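start-v7.txt follows; it contains compact mmCIF, C-alpha atoms and all ligand atoms.
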```
# COMPACT_ATOMS: atom_id res chain seq x y z
CA MET A 30 -2.90 33.47 24.18
CA HIS A 31 0.20 33.78 26.40
CA SER A 32 2.66 31.15 27.54
CA GLU A 33 6.11 31.11 29.14
CA PHE A 34 7.50 29.32 26.06
CA ILE A 35 6.57 29.11 22.40
CA ILE A 36 8.06 26.06 20.68
CA LEU A 37 8.36 26.25 16.89
CA GLY A 38 8.14 22.77 15.32
CA ALA A 39 6.15 19.78 16.58
CA GLY A 40 8.37 16.85 15.64
CA ILE A 41 9.87 14.66 18.36
CA SER A 42 12.21 17.52 19.43
CA GLY A 43 9.45 20.07 20.03
CA ILE A 44 7.02 17.60 21.54
CA SER A 45 9.52 16.16 24.02
CA THR A 46 10.70 19.67 24.97
CA SER A 47 7.15 20.71 25.86
CA TYR A 48 6.81 17.51 27.91
CA PHE A 49 9.89 18.29 30.04
CA LEU A 50 8.86 21.95 30.41
CA GLU A 51 5.46 20.86 31.68
CA LYS A 52 7.12 18.42 34.11
CA SER A 53 9.23 21.30 35.46
CA GLY A 54 6.15 23.49 35.91
CA PHE A 55 6.45 25.72 32.81
CA SER A 56 3.72 26.40 30.26
CA SER A 57 4.29 26.13 26.52
CA ILE A 58 2.48 26.52 23.23
CA ILE A 59 3.66 24.46 20.26
CA LEU A 60 3.19 25.96 16.80
CA ASP A 61 3.77 23.90 13.64
CA ILE A 62 3.56 25.16 10.10
CA SER A 63 1.96 21.88 8.98
CA ASN A 64 0.65 18.71 10.61
CA PRO A 65 3.53 16.75 12.19
CA LEU A 66 1.64 13.48 11.64
CA SER A 67 1.27 13.99 7.89
CA GLY A 68 3.55 16.89 6.87
CA SER A 69 7.12 16.82 5.61
CA GLY A 70 8.80 16.70 9.06
CA SER A 71 11.16 13.76 9.62
CA THR A 72 9.71 12.20 12.75
CA MET A 73 6.95 10.16 11.08
CA LYS A 74 9.41 9.05 8.38
CA SER A 75 11.86 7.45 10.76
CA ALA A 76 12.54 3.74 11.14
CA GLY A 77 11.99 4.10 14.91
CA ILE A 78 15.36 2.56 15.79
CA ILE A 79 16.83 3.25 19.23
CA SER A 80 20.37 2.09 19.86
CA HIS A 81 23.12 2.38 22.46
CA PHE A 82 25.78 1.80 19.82
CA PHE A 83 27.66 5.15 19.94
CA PRO A 84 31.29 6.22 20.27
CA PHE A 85 30.43 8.77 23.03
CA LYS A 86 29.07 8.17 26.52
CA GLU A 87 27.00 11.40 26.44
CA GLU A 88 24.95 10.15 23.46
CA ILE A 89 24.47 6.78 25.18
CA LYS A 90 23.12 8.57 28.26
CA ALA A 91 20.81 10.71 26.11
CA VAL A 92 19.47 7.53 24.45
CA SER A 93 18.77 5.98 27.88
CA ASN A 94 16.88 9.12 28.89
CA SER A 95 14.93 9.05 25.61
CA LEU A 96 13.88 5.48 26.38
CA LYS A 97 12.68 6.62 29.82
CA PHE A 98 10.64 9.39 28.13
CA TYR A 99 8.94 6.89 25.77
CA ASP A 100 8.32 4.55 28.70
CA GLU A 101 6.72 7.28 30.81
CA ILE A 102 4.44 8.43 27.99
CA ILE A 103 3.32 4.88 27.19
CA ASN A 104 2.74 4.03 30.86
CA ASP A 105 0.66 7.19 31.29
CA SER A 106 -1.48 6.27 28.30
CA SER A 107 -3.82 3.33 28.16
CA GLU A 108 -2.39 2.33 24.78
CA ASN A 109 -0.97 -1.04 24.01
CA ILE A 110 2.39 -0.46 22.36
CA SER A 111 5.65 -2.14 23.15
CA TYR A 112 9.31 -1.45 22.56
CA ASN A 113 10.77 -4.26 20.49
CA ASN A 114 13.98 -4.82 22.42
CA SER A 115 15.57 -6.80 19.58
CA GLY A 116 19.19 -5.72 20.11
CA LEU A 117 21.35 -4.21 17.36
CA LEU A 118 23.84 -6.33 15.47
CA ALA A 119 26.66 -4.20 14.06
CA PHE A 120 29.10 -5.61 11.51
CA CYS A 121 32.61 -4.29 11.49
CA ASN A 122 35.35 -5.16 9.03
CA ASN A 123 39.07 -4.79 9.59
CA SER A 124 39.15 -1.23 8.30
CA ASP A 125 36.62 -0.18 11.01
CA LYS A 126 38.45 -1.78 13.94
CA GLU A 127 39.81 1.45 15.39
CA THR A 128 36.40 3.10 15.22
CA LEU A 129 34.82 0.04 16.77
CA SER A 130 37.12 0.25 19.78
CA GLN A 131 35.84 3.82 20.43
CA PHE A 132 32.27 2.50 20.39
CA LEU A 133 33.16 -0.33 22.76
CA ASP A 134 35.02 1.99 25.16
CA ALA A 135 32.04 4.36 25.32
CA MET A 136 29.62 1.48 25.83
CA LYS A 137 31.80 -0.05 28.53
CA SER A 138 32.08 3.22 30.45
CA SER A 139 28.29 3.69 30.19
CA ASN A 140 27.51 0.14 31.34
CA ALA A 141 25.71 -0.45 28.05
CA ASP A 142 25.56 -4.21 27.52
CA TYR A 143 27.19 -5.68 24.43
CA SER A 144 28.69 -8.96 23.21
CA LEU A 145 31.23 -9.71 20.49
CA PHE A 146 30.86 -12.64 18.08
CA ASP A 147 32.89 -14.07 15.26
CA SER A 148 31.21 -15.22 12.07
CA LYS A 149 31.07 -18.87 13.17
CA GLU A 150 29.39 -18.09 16.51
CA LEU A 151 26.94 -15.77 14.81
CA SER A 152 25.92 -18.19 12.10
CA ASP A 153 25.05 -20.69 14.85
CA ILE A 154 22.70 -18.15 16.42
CA TYR A 155 21.30 -16.66 13.18
CA PRO A 156 21.64 -19.30 10.44
CA MET A 157 19.64 -17.19 8.00
CA LEU A 158 22.23 -14.38 8.02
CA SER A 159 25.47 -14.30 6.12
CA ILE A 160 28.51 -12.94 7.95
CA PRO A 161 31.79 -12.64 6.04
CA SER A 162 34.51 -14.56 7.86
CA ASP A 163 36.74 -11.47 8.23
CA GLU A 164 34.06 -9.42 10.01
CA ILE A 165 33.45 -8.96 13.72
CA ALA A 166 29.91 -8.62 14.95
CA VAL A 167 28.78 -6.72 18.05
CA ILE A 168 25.36 -7.02 19.59
CA SER A 169 24.28 -3.94 21.50
CA LYS A 170 21.72 -5.49 23.81
CA ASN A 171 19.36 -2.81 25.06
CA SER A 172 18.68 -1.49 21.57
CA GLY A 173 15.48 -1.95 19.61
CA TYR A 174 12.71 -0.14 17.81
CA TYR A 175 9.23 1.30 18.04
CA ASP A 176 6.63 1.45 15.31
CA ILE A 177 6.78 5.24 15.04
CA ASN A 178 3.51 5.41 13.07
CA HIS A 179 1.84 3.99 16.13
CA LEU A 180 3.94 5.70 18.81
CA PHE A 181 4.09 9.33 17.67
CA PRO A 182 0.29 9.86 17.50
CA ILE A 183 0.11 8.42 21.05
CA ILE A 184 2.77 10.88 22.26
CA ILE A 185 0.88 13.81 20.73
CA LYS A 186 -2.41 12.64 22.23
CA GLN A 187 -0.81 12.32 25.68
CA LEU A 188 0.62 15.83 25.48
CA LYS A 189 -2.73 17.27 24.49
CA SER A 190 -4.25 15.60 27.56
CA LYS A 191 -1.71 17.52 29.70
CA ASN A 192 -3.13 20.84 28.54
CA ILE A 193 -0.18 21.71 26.36
CA ASN A 194 -1.56 24.01 23.66
CA PHE A 195 -0.74 22.71 20.26
CA PHE A 196 -1.59 24.37 16.93
CA ASN A 197 -1.07 22.90 13.44
CA ASN A 198 -1.03 24.70 10.09
CA ILE A 199 0.23 27.92 11.63
CA GLU A 200 1.50 30.60 9.33
CA ILE A 201 3.57 33.19 11.18
CA LYS A 202 3.06 36.61 9.60
CA THR A 203 5.17 38.85 11.84
CA ILE A 204 7.12 38.55 15.09
CA GLU A 205 7.71 41.42 17.51
CA HIS A 206 10.07 41.32 20.47
CA GLN A 207 9.94 43.88 23.25
CA ASN A 208 9.52 42.59 26.80
CA TYR A 209 8.08 39.42 25.31
CA PHE A 210 7.58 37.84 21.88
CA THR A 211 4.37 38.50 19.92
CA PHE A 212 3.53 36.20 17.01
CA HIS A 213 0.87 37.40 14.57
CA THR A 214 -0.45 34.31 12.80
CA ASN A 215 -3.34 33.07 10.67
CA HIS A 216 -4.76 31.64 13.95
CA GLY A 217 -4.52 34.90 15.90
CA ILE A 218 -1.92 36.33 18.28
CA PHE A 219 0.35 34.24 20.52
CA THR A 220 2.78 35.70 23.04
CA SER A 221 5.60 34.19 25.07
CA ASP A 222 8.58 35.10 27.24
CA LYS A 223 10.94 32.70 25.48
CA VAL A 224 11.16 30.84 22.17
CA ILE A 225 12.57 27.39 21.40
CA ILE A 226 13.29 26.48 17.77
CA THR A 227 12.80 22.77 17.02
CA GLY A 228 12.11 22.93 13.29
CA GLY A 229 14.39 20.09 12.09
CA ALA A 230 15.68 20.89 8.59
CA TRP A 231 13.68 24.17 8.66
CA SER A 232 15.40 25.44 11.81
CA ASN A 233 17.71 27.88 10.09
CA LYS A 234 14.79 29.38 8.14
CA ILE A 235 12.96 29.82 11.45
CA ALA A 236 16.07 31.27 13.15
CA ASN A 237 16.36 33.82 10.32
CA MET A 238 12.95 35.22 11.39
CA PHE A 239 14.73 36.25 14.62
CA ASN A 240 17.82 37.48 12.76
CA CYS A 241 19.77 34.44 13.99
CA THR A 242 21.70 31.82 12.02
CA ILE A 243 22.29 28.16 12.82
CA ASN A 244 25.05 26.42 10.87
CA PHE A 245 24.34 22.83 9.91
CA ASP A 246 24.32 20.53 6.89
CA THR A 247 21.15 18.93 5.57
CA TYR A 248 21.02 15.40 4.13
CA SER A 249 18.34 13.35 2.46
CA THR A 250 18.02 9.72 3.46
CA GLN A 251 15.89 6.87 2.14
CA ALA A 252 14.27 3.72 3.42
CA ALA A 253 12.34 0.86 1.86
CA ILE A 254 10.40 -2.18 3.03
CA PHE A 255 11.13 -5.40 1.10
CA SER A 256 9.23 -8.66 1.22
CA ILE A 257 11.39 -11.61 2.23
CA PRO A 258 8.94 -14.38 1.42
CA GLN A 259 11.01 -17.50 1.91
CA ALA A 260 12.33 -16.72 5.35
CA TYR A 261 14.40 -19.49 6.86
CA ASN A 262 13.03 -21.75 9.60
CA ASN A 263 13.33 -18.92 12.08
CA ASP A 264 10.89 -16.08 12.21
CA LEU A 265 12.34 -13.00 10.50
CA SER A 266 10.70 -10.76 13.08
CA SER A 267 12.89 -12.15 15.87
CA LEU A 268 16.08 -10.86 14.24
CA PRO A 269 17.96 -7.89 15.72
CA ILE A 270 18.47 -4.58 13.92
CA LEU A 271 21.30 -5.04 11.40
CA TYR A 272 23.88 -2.32 10.86
CA LYS A 273 26.95 -2.23 8.63
CA MET A 274 29.56 0.15 9.97
CA SER A 275 31.41 0.31 6.65
CA ASN A 276 28.58 1.92 4.65
CA GLY A 277 25.87 2.93 7.15
CA VAL A 278 23.29 0.51 5.74
CA TYR A 279 20.80 -0.62 8.37
CA GLY A 280 17.83 -2.96 8.45
CA ARG A 281 15.18 -4.09 10.87
CA PRO A 282 12.31 -6.56 10.85
CA VAL A 283 8.86 -5.22 10.09
CA SER A 284 6.92 -8.48 10.08
CA SER A 285 7.52 -12.21 9.68
CA SER A 286 7.97 -11.68 5.93
CA SER A 287 9.27 -8.15 5.50
CA PHE A 288 12.36 -6.14 6.40
CA LEU A 289 13.03 -2.40 6.34
CA PHE A 290 16.37 -1.26 4.89
CA GLY A 291 17.81 2.24 4.87
CA ASP A 292 21.07 3.91 4.09
CA GLY A 293 23.11 6.90 5.21
CA SER A 294 22.70 9.99 3.20
CA THR A 295 23.12 12.39 0.33
CA LYS A 296 23.86 16.04 0.98
CA TYR A 297 20.87 18.27 0.23
CA SER A 298 21.61 21.95 -0.25
CA GLY A 299 18.23 23.16 -1.50
CA ASP A 300 15.42 24.85 0.40
CA PRO A 301 13.81 22.17 2.64
CA ASP A 302 10.40 23.42 1.41
CA ASN A 303 11.33 22.22 -2.09
CA PHE A 304 12.43 18.73 -1.04
CA LYS A 305 10.37 16.18 -2.94
CA PHE A 306 10.44 12.43 -2.66
CA LYS A 307 11.71 10.89 -5.88
CA ASN A 308 11.33 7.17 -6.45
CA ASP A 309 15.00 6.36 -6.76
CA LYS A 310 15.67 3.22 -8.80
CA ASN A 311 19.39 3.27 -8.01
CA PHE A 312 18.68 3.33 -4.29
CA LEU A 313 16.29 0.38 -4.53
CA GLU A 314 18.77 -1.63 -6.58
CA TYR A 315 21.54 -0.83 -4.10
CA MET A 316 19.31 -1.78 -1.16
CA LEU A 317 18.33 -5.03 -2.85
CA GLN A 318 21.98 -5.85 -3.37
CA GLN A 319 22.72 -4.97 0.29
CA ALA A 320 19.75 -7.04 1.46
CA ASN A 321 21.20 -9.98 -0.45
CA THR A 322 24.47 -9.64 1.42
CA PHE A 323 22.56 -10.07 4.70
CA PHE A 324 20.16 -12.77 3.44
CA PRO A 325 22.04 -14.62 0.71
CA ASN A 326 19.62 -17.50 0.23
CA GLN A 327 16.35 -15.63 0.30
CA LYS A 328 14.18 -14.45 -2.53
CA ILE A 329 14.04 -10.75 -1.69
CA GLY A 330 11.34 -8.46 -3.11
CA PRO A 331 9.11 -6.93 -4.19
CA VAL A 332 9.38 -3.49 -2.58
CA GLN A 333 6.29 -2.84 -0.46
CA LYS A 334 6.93 0.81 0.27
CA ASN A 335 9.77 3.32 -0.04
CA TRP A 336 10.17 6.88 1.16
CA SER A 337 12.74 9.52 2.03
CA GLY A 338 13.20 12.49 4.33
CA LEU A 339 15.67 15.08 5.54
CA TYR A 340 17.96 15.18 8.52
CA THR A 341 20.53 17.67 9.76
CA SER A 342 24.03 17.36 11.08
CA SER A 343 26.45 19.68 12.87
CA GLU A 344 30.13 20.06 12.03
CA ASP A 345 31.17 17.30 14.48
CA SER A 346 28.02 15.17 13.89
CA ARG A 347 26.92 15.66 17.51
CA PRO A 348 23.63 17.28 18.61
CA LEU A 349 23.32 21.06 18.92
CA ILE A 350 21.44 22.45 21.90
CA GLY A 351 21.48 25.75 23.74
CA LYS A 352 21.07 29.47 23.50
CA LEU A 353 20.96 31.31 20.17
CA ASP A 354 20.21 34.79 21.46
CA ASP A 355 18.47 36.43 24.42
CA ASP A 356 15.44 34.24 25.21
CA ILE A 357 15.85 32.23 21.97
CA PHE A 358 16.97 28.59 22.18
CA PHE A 359 17.57 25.73 19.75
CA LEU A 360 17.51 21.93 19.79
CA GLY A 361 18.38 19.79 16.77
CA CYS A 362 21.06 18.29 14.50
CA PHE A 363 20.74 14.67 15.55
CA ASN A 364 22.64 13.34 12.53
CA GLY A 365 19.70 11.17 11.46
CA LEU A 366 19.22 9.76 14.97
CA GLY A 367 16.64 12.09 16.49
CA ILE A 368 14.18 9.46 17.65
CA MET A 369 16.86 8.06 19.93
CA LEU A 370 18.54 11.35 20.87
CA ALA A 371 15.96 14.16 20.86
CA PRO A 372 14.01 13.41 24.06
CA GLY A 373 17.22 12.90 26.08
CA CYS A 374 18.63 16.14 24.66
CA SER A 375 15.41 18.09 25.23
CA LYS A 376 15.64 17.19 28.91
CA LEU A 377 19.16 18.68 28.99
CA LEU A 378 17.92 21.82 27.22
CA VAL A 379 15.03 22.29 29.65
CA ASP A 380 17.39 21.86 32.64
CA PHE A 381 19.74 24.40 31.06
CA ILE A 382 17.01 26.99 30.43
CA THR A 383 15.03 26.58 33.63
CA LYS A 384 17.79 25.71 36.13
CA ASN A 385 20.89 26.98 34.34
CA ILE A 386 22.45 23.50 34.50
CA ILE A 387 25.56 23.29 32.33
CA ASN A 388 27.05 19.92 33.19
CA ASP A 389 29.23 17.29 31.50
CA ASP A 390 26.18 15.80 29.77
CA PHE A 391 25.19 19.15 28.26
CA SER A 392 28.59 20.65 27.36
CA PRO A 393 29.52 18.35 24.42
CA PHE A 394 26.22 19.32 22.76
CA ASN A 395 26.28 23.01 23.67
CA ILE A 396 25.81 25.09 20.52
CA GLN A 397 28.35 27.53 21.93
CA ARG A 398 31.16 25.08 21.13
CA PHE A 399 31.14 26.37 17.55
CA ASN A 400 30.57 29.95 18.52
CA ASN A 401 28.35 30.10 15.44
CA ASN A 402 25.44 31.86 17.01
CA ASN A 403 24.49 35.47 17.37
CA ILE A 404 25.67 36.25 20.87
C1 LIG B 501 14.05 7.77 6.38
C2 LIG B 501 14.45 8.17 7.78
C3 LIG B 501 14.70 7.19 8.74
C4 LIG B 501 15.08 7.56 10.03
N1 LIG B 501 15.25 6.59 10.96
C5 LIG B 501 15.59 6.92 12.24
C6 LIG B 501 15.71 5.91 13.23
O1 LIG B 501 15.49 4.73 12.98
N2 LIG B 501 16.08 6.29 14.49
C7 LIG B 501 16.33 7.60 14.82
O2 LIG B 501 16.70 7.87 15.96
N3 LIG B 501 16.17 8.58 13.89
C8 LIG B 501 15.80 8.28 12.62
N4 LIG B 501 15.64 9.26 11.68
C9 LIG B 501 15.91 10.66 12.06
C10 LIG B 501 14.74 11.25 12.83
O3 LIG B 501 13.54 11.01 12.12
C11 LIG B 501 14.97 12.76 12.99
O4 LIG B 501 16.25 12.98 13.55
C12 LIG B 501 13.93 13.36 13.94
O5 LIG B 501 12.63 13.02 13.53
C13 LIG B 501 14.08 14.88 13.97
O6 LIG B 501 13.00 15.37 14.72
P1 LIG B 501 12.77 16.93 14.85
O7 LIG B 501 11.61 17.12 15.74
O8 LIG B 501 14.05 17.61 15.21
O9 LIG B 501 12.42 17.40 13.34
P2 LIG B 501 11.10 17.11 12.47
O10 LIG B 501 10.46 15.84 12.83
O11 LIG B 501 11.49 17.32 11.05
O12 LIG B 501 10.11 18.25 12.94
C14 LIG B 501 10.26 19.60 12.53
C15 LIG B 501 8.88 20.22 12.51
O13 LIG B 501 9.04 21.64 12.28
C16 LIG B 501 7.94 22.07 11.51
N5 LIG B 501 8.24 23.37 10.90
C17 LIG B 501 8.94 23.66 9.77
N6 LIG B 501 8.95 24.99 9.55
C18 LIG B 501 8.26 25.57 10.57
C19 LIG B 501 7.93 26.91 10.90
N7 LIG B 501 8.32 27.94 10.13
N8 LIG B 501 7.19 27.15 12.00
C20 LIG B 501 6.78 26.11 12.80
N9 LIG B 501 7.06 24.81 12.52
C21 LIG B 501 7.81 24.54 11.44
C22 LIG B 501 7.74 20.94 10.50
O14 LIG B 501 6.43 20.98 9.96
C23 LIG B 501 7.99 19.71 11.37
O15 LIG B 501 6.78 19.18 11.90
C24 LIG B 501 15.24 8.93 10.38
C25 LIG B 501 14.98 9.92 9.42
C26 LIG B 501 14.56 9.55 8.15
C27 LIG B 501 14.26 10.64 7.17
```

When written as structure tokens, how does the structure in this file appear?
Amino acid sequence: MHSEFIILGAGISGISTSYFLEKSGFSSIILDISNPLSGSGSTMKSAGIISHFFPFKEEIKAVSNSLKFYDEIINDSSENISYNNSGLLAFCNNSDKETLSQFLDAMKSSNADYSLFDSKELSDIYPMLSIPSDEIAVISKNSGYYDINHLFPIIIKQLKSKNINFFNNIEIKTIEHQNYFTFHTNHGIFTSDKVIITGGAWSNKIANMFNCTINFDTYSTQAAIFSIPQAYNNDLSSLPILYKMSNGVYGRPVSSSSFLFGDGSTKYSGDPDNFKFKNDKNFLEYMLQQANTFFPNQKIGPVQKNWSGLYTSSEDSRPLIGKLDDDIFFLGCFNGLGIMLAPGCSKLLVDFITKNIINDDFSPFNIQRFNNNNI
């Protein structure tokens, strides 16, 4: 089977890339080593949060384009799924003030709506939350979340209906490159003119098959859903996403009696194939303690579910997209924010490959800024 592009990795990066290629009139085949709906890829593990709270206008624009992508897919499908436009409430203490002003400048220049509140104003709006009196709170308005367990299968189904060839459980045995690429696999031979690597934490392993290297760090991150049984008079599910700038802890409603909490990260330097979820008691205790700082008068627990996954980050924590070698391209390193950034960035990558567009939106993410590729 031949296609103009072979995309390696069927998480949100690979899937959205094939979507924009198809829209621009190019054919693609997506190959995944496992099943992206049940394998160890990060997409199905995410909390589904989409936020415009960034210190750079290019990321904010990418997020807006990602939202358009999700909108288009949902409108094209007959599925009933909605974006919960809850807003994101970020807490900033005095030590974060300088950083906060970078976020606000970027949001202002991108026309991303936000409002500032002091603790008194906020406790009038959200009496169930506790806000220390020395903290400032910012609400980023057009931020929210999707139920990714519902959304991602819909996205994959929609792509399949567009005749994008998609193969799971593919084991690549050998790759040849002469005028085009030939992949010998357990499902037969696939050929393509160009290759795009979208393998998340596995991307460097994939790049090595082409004698390329991609430099990034890998982190593990965890999330847990806690019951909050005695929710205040208000419905828990109407709360915004909560985010503490000082330690990266975030939370979002799941239902009227449960909340998802997650934290930043721990560096992971092993082989991503060997990453195993460990039920981490310390993490759950820490999350419980953090949950209590948001909801001081609630009886929090028990834990309904907890899980973990990997994410990757570049040297400057900004996405990496662009050319690795002749006819080999890469998209990734979303610093744990790929649901909100990947579709917007895949559009930039497709415009770069198919129309040679290198503009101000693309340049800050261009992999060439580190000169760490094989050219
Ligand atoms: C707990 C957690 C919570 C998160 N919450 C959020 C959130 O709220 N909002 C947000 O924006 N982001 C969030 N993220 C981050 C987000 O999930 C990732 O940034 C995003 O899913 C990365 O997508 P990807 O397609 O690049 O990689 P992945 O989804 O990891 O996909 C990579 C794919 O490559 C495949 N693959 C591996 N090796 C090969 C090979 N040799 N050949 C072919 N295919 C291969 C894998 O099977 C996998 O399907 C979260 C992540 C975690 C772990």

Among the residues A:Met30, A:Ile79, A:Ile35, A:Ala236, the one that comes closest to A:Leu366 [using all atoms listed in the file]: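 Checking each candidate against A:Leu366, we get A:Ile79 as the closest.
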
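Straight-line separation from atom CA of A:Asn194 to atom CA of A:Phe55: 12.3 Å.
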
Nearest-residue call for ligand LIG 501 (chain B), choices A:Ile183, A:Ala135, A:Leu349, A:Met369, using all atoms listed in the file: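 So, comparing all the options, the nearest one is A:Met369.
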
Option closest in space to ligand LIG 501 (chain B), from A:Lys74, A:His179, A:His206, A:Lys376 [counting all atoms listed in the file]: A:Lys74

Distance filter 6 Å around ligand LIG 501 (chain B), atoms: all atoms listed in the file, out as JSON, numbers by chain: {"A": [37, 38, 39, 40, 41, 42, 43, 60, 61, 62, 63, 65, 68, 70, 71, 72, 74, 75, 76, 77, 78, 79, 227, 228, 229, 231, 235, 250, 251, 252, 337, 338, 339, 340, 361, 363, 365, 366, 367, 368, 369]}

Two-atom distance - atom CA of A:Pro393, atom CA of A:Cys374 (Å):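 According to the coordinates, atom CA of A:Pro393 and atom CA of A:Cys374 are separated by 11.1 Å.
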
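For the point (10.3, -8.7, -0.8), the residues with an atom at a distance of at most 6 Å are Phe255, Ser256, Ile257, Ile329, Gly330, Pro331 and Val332 of chain A, counting all atoms listed in the file.
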
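With atom CA of A:Glu164 on one side and atom CA of A:Asn123 on the other, the separation reads 6.8 Å.
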
Counting all atoms listed in the file, what are the residues of stretch 195-289 of chain A within 10 Å of stretch 168-173 of chain A, and for each of them which pair of atoms is the nearest and at what distance in Å, to one decimal? Sort the table by chain and rising number, as a tab-separated table.
```
residue	atom	partner	partner_atom	distance
A:Pro269	CA	A:Gly173	CA	7.5
A:Ile270	CA	A:Gly173	CA	6.9
A:Leu271	CA	A:Ile168	CA	9.4
A:Arg281	CA	A:Gly173	CA	9.0
```

Counting all atoms listed in the file, the residue of A:Gly54, A:Val224, A:Asp176, A:Asn198 that sits nearest A:Phe210: A:Val224

Sel. within 7 Å of pt (32.4, -11.1, 14.5), counting only C-alpha atoms, output as a PyMOL selection string: chain A and resi 145-148+164-167

Residue with smallest distance to A:Phe288 - pool A:Ser267, A:Asn303, A:Thr203, A:Asn326, counting only C-alpha atoms: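 Looking at the shortest contact to A:Phe288, the residue is A:Ser267.
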
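Each of A:Gln131, A:Ser32, A:Ser221, A:Ser152 was compared to A:Phe324 using all atoms listed in the file, and A:Ser152 turns out to be the nearest.
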
Close residues, A:Pro301 itself excluded, 9 Å, all atoms listed in the file, min 3 positions apart in chain, as a PyMOL selection string: chain A and resi 230-231+247+297-298+304-305+339

Output requested as a PDB file, in the frame of the given file - stretch 295-309 of chain A, filled out with N, CA and C atoms.
```
ATOM      1  N   THR A 295      22.599  11.577   1.423  1.00  0.00           N
ATOM      2  CA  THR A 295      23.120  12.390   0.330  1.00  0.00           C
ATOM      3  C   THR A 295      22.936  13.837   0.751  1.00  0.00           C
ATOM      4  N   LYS A 296      23.962  14.637   0.554  1.00  0.00           N
ATOM      5  CA  LYS A 296      23.860  16.040   0.980  1.00  0.00           C
ATOM      6  C   LYS A 296      22.751  16.742   0.186  1.00  0.00           C
ATOM      7  N   TYR A 297      21.953  17.536   0.881  1.00  0.00           N
ATOM      8  CA  TYR A 297      20.870  18.270   0.230  1.00  0.00           C
ATOM      9  C   TYR A 297      21.086  19.754   0.517  1.00  0.00           C
ATOM     10  N   SER A 298      21.325  20.542  -0.540  1.00  0.00           N
ATOM     11  CA  SER A 298      21.610  21.950  -0.250  1.00  0.00           C
ATOM     12  C   SER A 298      20.482  22.886  -0.661  1.00  0.00           C
ATOM     13  N   GLY A 299      19.347  22.307  -1.098  1.00  0.00           N
ATOM     14  CA  GLY A 299      18.230  23.160  -1.500  1.00  0.00           C
ATOM     15  C   GLY A 299      17.419  23.646  -0.304  1.00  0.00           C
ATOM     16  N   ASP A 300      16.368  24.400  -0.617  1.00  0.00           N
ATOM     17  CA  ASP A 300      15.420  24.850   0.400  1.00  0.00           C
ATOM     18  C   ASP A 300      14.627  23.628   0.871  1.00  0.00           C
ATOM     19  N   PRO A 301      14.555  23.375   2.196  1.00  0.00           N
ATOM     20  CA  PRO A 301      13.810  22.170   2.640  1.00  0.00           C
ATOM     21  C   PRO A 301      12.354  22.172   2.174  1.00  0.00           C
ATOM     22  N   ASP A 302      11.789  23.371   1.919  1.00  0.00           N
ATOM     23  CA  ASP A 302      10.400  23.420   1.410  1.00  0.00           C
ATOM     24  C   ASP A 302      10.286  22.778   0.028  1.00  0.00           C
ATOM     25  N   ASN A 303      11.394  22.753  -0.715  1.00  0.00           N
ATOM     26  CA  ASN A 303      11.330  22.220  -2.090  1.00  0.00           C
ATOM     27  C   ASN A 303      11.727  20.750  -2.167  1.00  0.00           C
ATOM     28  N   PHE A 304      12.017  20.139  -1.011  1.00  0.00           N
ATOM     29  CA  PHE A 304      12.430  18.730  -1.040  1.00  0.00           C
ATOM     30  C   PHE A 304      11.244  17.856  -1.438  1.00  0.00           C
ATOM     31  N   LYS A 305      11.447  17.062  -2.481  1.00  0.00           N
ATOM     32  CA  LYS A 305      10.370  16.180  -2.940  1.00  0.00           C
ATOM     33  C   LYS A 305      10.888  14.751  -2.976  1.00  0.00           C
ATOM     34  N   PHE A 306      10.046  13.834  -2.579  1.00  0.00           N
ATOM     35  CA  PHE A 306      10.440  12.430  -2.660  1.00  0.00           C
ATOM     36  C   PHE A 306      10.481  12.005  -4.129  1.00  0.00           C
ATOM     37  N   LYS A 307      11.618  11.436  -4.525  1.00  0.00           N
ATOM     38  CA  LYS A 307      11.710  10.890  -5.880  1.00  0.00           C
ATOM     39  C   LYS A 307      11.912   9.394  -5.740  1.00  0.00           C
ATOM     40  N   ASN A 308      11.156   8.609  -6.495  1.00  0.00           N
ATOM     41  CA  ASN A 308      11.330   7.170  -6.450  1.00  0.00           C
ATOM     42  C   ASN A 308      12.669   6.835  -7.098  1.00  0.00           C
ATOM     43  N   ASP A 309      13.624   6.454  -6.285  1.00  0.00           N
ATOM     44  CA  ASP A 309      15.000   6.360  -6.760  1.00  0.00           C
ATOM     45  C   ASP A 309      15.353   4.896  -7.059  1.00  0.00           C
TER      46      ASP A 309
END
```
